[in-house]
Structure formats: C-alpha cells, structure tokens
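Listing of protein07.cif, mmCIF, C-alpha atoms
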```
data_work
loop_
_atom_site.group_PDB
_atom_site.id
_atom_site.type_symbol
_atom_site.label_atom_id
_atom_site.label_comp_id
_atom_site.auth_asym_id
_atom_site.auth_seq_id
_atom_site.Cartn_x
_atom_site.Cartn_y
_atom_site.Cartn_z
ATOM 1 C CA MET A 1 0.000 0.000 0.000
ATOM 2 C CA GLN A 2 1.395 3.413 -0.996
ATOM 3 C CA ALA A 3 1.527 6.460 1.232
ATOM 4 C CA LYS A 4 -0.904 9.231 0.326
ATOM 5 C CA LYS A 5 0.653 12.039 -1.730
ATOM 6 C CA VAL A 6 0.852 15.357 0.147
ATOM 7 C CA PRO A 7 -0.292 18.336 -1.983
ATOM 8 C CA ILE A 8 2.430 21.002 -2.270
ATOM 9 C CA ARG A 9 1.787 24.690 -3.009
ATOM 10 C CA MET A 10 4.067 27.712 -3.361
ATOM 11 C CA CYS A 11 3.851 30.704 -1.026
ATOM 12 C CA THR A 12 3.368 33.932 -2.998
ATOM 13 C CA GLY A 13 5.470 35.820 -0.432
ATOM 14 C CA CYS A 14 8.635 33.754 0.096
ATOM 15 C CA SER A 15 8.244 31.480 -2.972
ATOM 16 C CA GLU A 16 8.923 28.365 -0.873
ATOM 17 C CA GLN A 17 7.154 25.107 -1.703
ATOM 18 C CA LYS A 18 5.261 23.857 1.373
ATOM 19 C CA PRO A 19 2.505 21.362 2.168
ATOM 20 C CA LYS A 20 -0.919 22.865 1.440
ATOM 21 C CA LYS A 21 -2.011 22.496 5.096
ATOM 22 C CA GLU A 22 0.776 24.868 6.253
ATOM 23 C CA LEU A 23 -0.435 27.697 3.994
ATOM 24 C CA VAL A 24 -3.462 29.999 3.923
ATOM 25 C CA ARG A 25 -5.448 30.264 0.690
ATOM 26 C CA VAL A 26 -6.395 33.688 -0.623
ATOM 27 C CA VAL A 27 -9.322 33.379 -3.011
ATOM 28 C CA LYS A 28 -10.954 35.591 -5.623
ATOM 29 C CA SER A 29 -14.586 34.485 -5.790
ATOM 30 C CA PRO A 30 -16.507 34.413 -9.090
ATOM 31 C CA ASP A 31 -18.150 37.746 -8.143
ATOM 32 C CA GLY A 32 -14.702 39.369 -7.654
ATOM 33 C CA GLU A 33 -14.456 39.468 -3.851
ATOM 34 C CA ILE A 34 -10.993 38.698 -2.439
ATOM 35 C CA SER A 35 -10.746 37.070 0.979
ATOM 36 C CA LEU A 36 -8.870 34.529 3.069
ATOM 37 C CA ASP A 37 -10.143 30.988 2.726
ATOM 38 C CA LEU A 38 -9.195 29.291 5.974
ATOM 39 C CA THR A 39 -11.080 26.100 5.025
ATOM 40 C CA GLY A 40 -9.571 25.819 1.528
ATOM 41 C CA LYS A 41 -12.977 24.960 0.062
ATOM 42 C CA LYS A 42 -14.348 28.254 -1.310
ATOM 43 C CA SER A 43 -14.896 28.371 -5.060
ATOM 44 C CA GLY A 44 -12.768 30.676 -7.154
ATOM 45 C CA ARG A 45 -9.174 31.374 -8.139
ATOM 46 C CA GLY A 46 -6.729 30.728 -5.310
ATOM 47 C CA ALA A 47 -3.235 31.782 -4.310
ATOM 48 C CA TYR A 48 -1.372 30.657 -1.204
ATOM 49 C CA VAL A 49 0.633 32.501 1.442
ATOM 50 C CA CYS A 50 2.418 31.367 4.634
ATOM 51 C CA LYS A 51 0.659 31.948 7.944
ATOM 52 C CA ASN A 52 3.050 34.772 8.793
ATOM 53 C CA ILE A 53 2.780 38.512 8.296
ATOM 54 C CA GLU A 54 6.211 38.884 6.681
ATOM 55 C CA CYS A 55 5.221 36.679 3.717
ATOM 56 C CA LEU A 56 1.977 38.626 3.271
ATOM 57 C CA LYS A 57 3.931 41.907 3.285
ATOM 58 C CA LYS A 58 6.406 40.566 0.701
ATOM 59 C CA ALA A 59 3.543 39.424 -1.552
ATOM 60 C CA ARG A 60 1.849 42.822 -1.168
ATOM 61 C CA LYS A 61 5.026 44.783 -1.935
ATOM 62 C CA ALA A 62 5.749 42.735 -5.080
ATOM 63 C CA LYS A 63 2.054 42.907 -6.138
ATOM 64 C CA ARG A 64 1.931 39.122 -6.471
ATOM 65 C CA PHE A 65 -1.769 38.827 -5.617
ATOM 66 C CA GLU A 66 -2.593 41.453 -8.245
ATOM 67 C CA ARG A 67 -0.699 39.345 -10.787
ATOM 68 C CA ALA A 68 -2.312 36.092 -9.659
ATOM 69 C CA PHE A 69 -5.848 37.507 -9.771
ATOM 70 C CA SER A 70 -5.396 39.995 -12.667
ATOM 71 C CA CYS A 71 -7.019 42.857 -10.744
ATOM 72 C CA GLN A 72 -6.226 45.706 -8.349
ATOM 73 C CA ILE A 73 -6.572 44.864 -4.654
ATOM 74 C CA PRO A 74 -7.588 47.693 -2.278
ATOM 75 C CA ASP A 75 -5.554 48.411 0.883
ATOM 76 C CA GLU A 76 -8.554 47.485 3.081
ATOM 77 C CA VAL A 77 -8.416 43.907 1.777
ATOM 78 C CA TYR A 78 -4.723 43.597 2.703
ATOM 79 C CA GLU A 79 -5.393 45.089 6.150
ATOM 80 C CA ARG A 80 -8.238 42.619 6.724
ATOM 81 C CA MET A 81 -6.005 39.719 5.627
ATOM 82 C CA GLU A 82 -3.252 40.881 8.039
ATOM 83 C CA ARG A 83 -5.732 40.983 10.945
ATOM 84 C CA GLU A 84 -7.081 37.511 10.104
ATOM 85 C CA ILE A 85 -3.586 35.964 9.827
ATOM 86 C CA GLN A 86 -2.667 37.487 13.201
ATOM 87 C CA GLY A 87 -5.804 35.924 14.680
ATOM 88 C CA GLU A 88 -7.595 39.169 15.421
ATOM 89 C CA PRO A 89 -11.370 39.277 14.967
ATOM 90 C CA PRO A 90 -12.468 40.927 11.701
ATOM 91 C CA LEU A 91 -13.876 44.456 11.907
ATOM 92 C CA VAL A 92 -17.552 44.707 11.069
#
```

Just dump the structure as structure tokens.
Amino acid sequence: MQAKKVPIRMCTGCSEQKPKKELVRVVKSPDGEISLDLTGKKSGRGAYVCKNIECLKKARKAKRFERAFSCQIPDEVYERMEREIQGEPPLV
C-alpha cells in the first residue's frame, strides 16, 4: 500500500514550496471578492501565502496577488487579511 501524496503549493510571499495544510489560501470568488479561505474549500481562483505577516507583506510589496488575480486589490483587503492571519477578529 502506498503512502498518500501530500499536496504542495508555493507561497506567494517567500516562494517556498510547502505542504498545502501549512499555507493559507487567498481566493478571488466568481463575483470578484478577495478574501482569506481558511477552510480551503471556497470556489474561485486561489493563491497561497504562509501563515506569517512577513510573507503577506512581501507578496503585497511585489504585487503578487494582483498578478495572480489579474485585478487591483484595495488596501482594506490587505489590512483585513493581516488581521485575520494574526488571529484578530475581523472588523464589522
């Protein structure tokens, strides 16, 4: 019996290949909303980032999410993603 293959994804911030479970998925839904997908099950185009703020900042500075999703991403979305990665409750 063979061992189950572990899915590997690349972090958009540090460009390291890591197991999918160690990364957070950022998703652009079919209606254009960009958000963190902590479950990994939302429909839409996905990009992955490490669960640390430094990787998110690197990806933001290099505009890697804009390239992955082919659209401009407002600062509020990045700020919300930073809060969620840090474990803070989202602002309503």

Write out as an MDAnalysis selection string which residues come within 12 Å of Ile34 in chain A when counting only C-alpha atoms, dropping same-chain ones fewer than 4 positions away.
-> chainID A and resid 25:30 42:47 65:66 68:78 80:81

Return as number ranges by chain the set of residues that the PyMOL selection byres ((chain A and resi 83-89) around 8) yields on the displayed structure.
-> A: 36, 51-53, 79-82, 90-91

Range 6-16 of chain A environment, 10 Å, only C-alpha atoms, sequence neighbours closer than 6 positions dropped, as a ChimeraX atom specification = /A:22-25,47-65,68
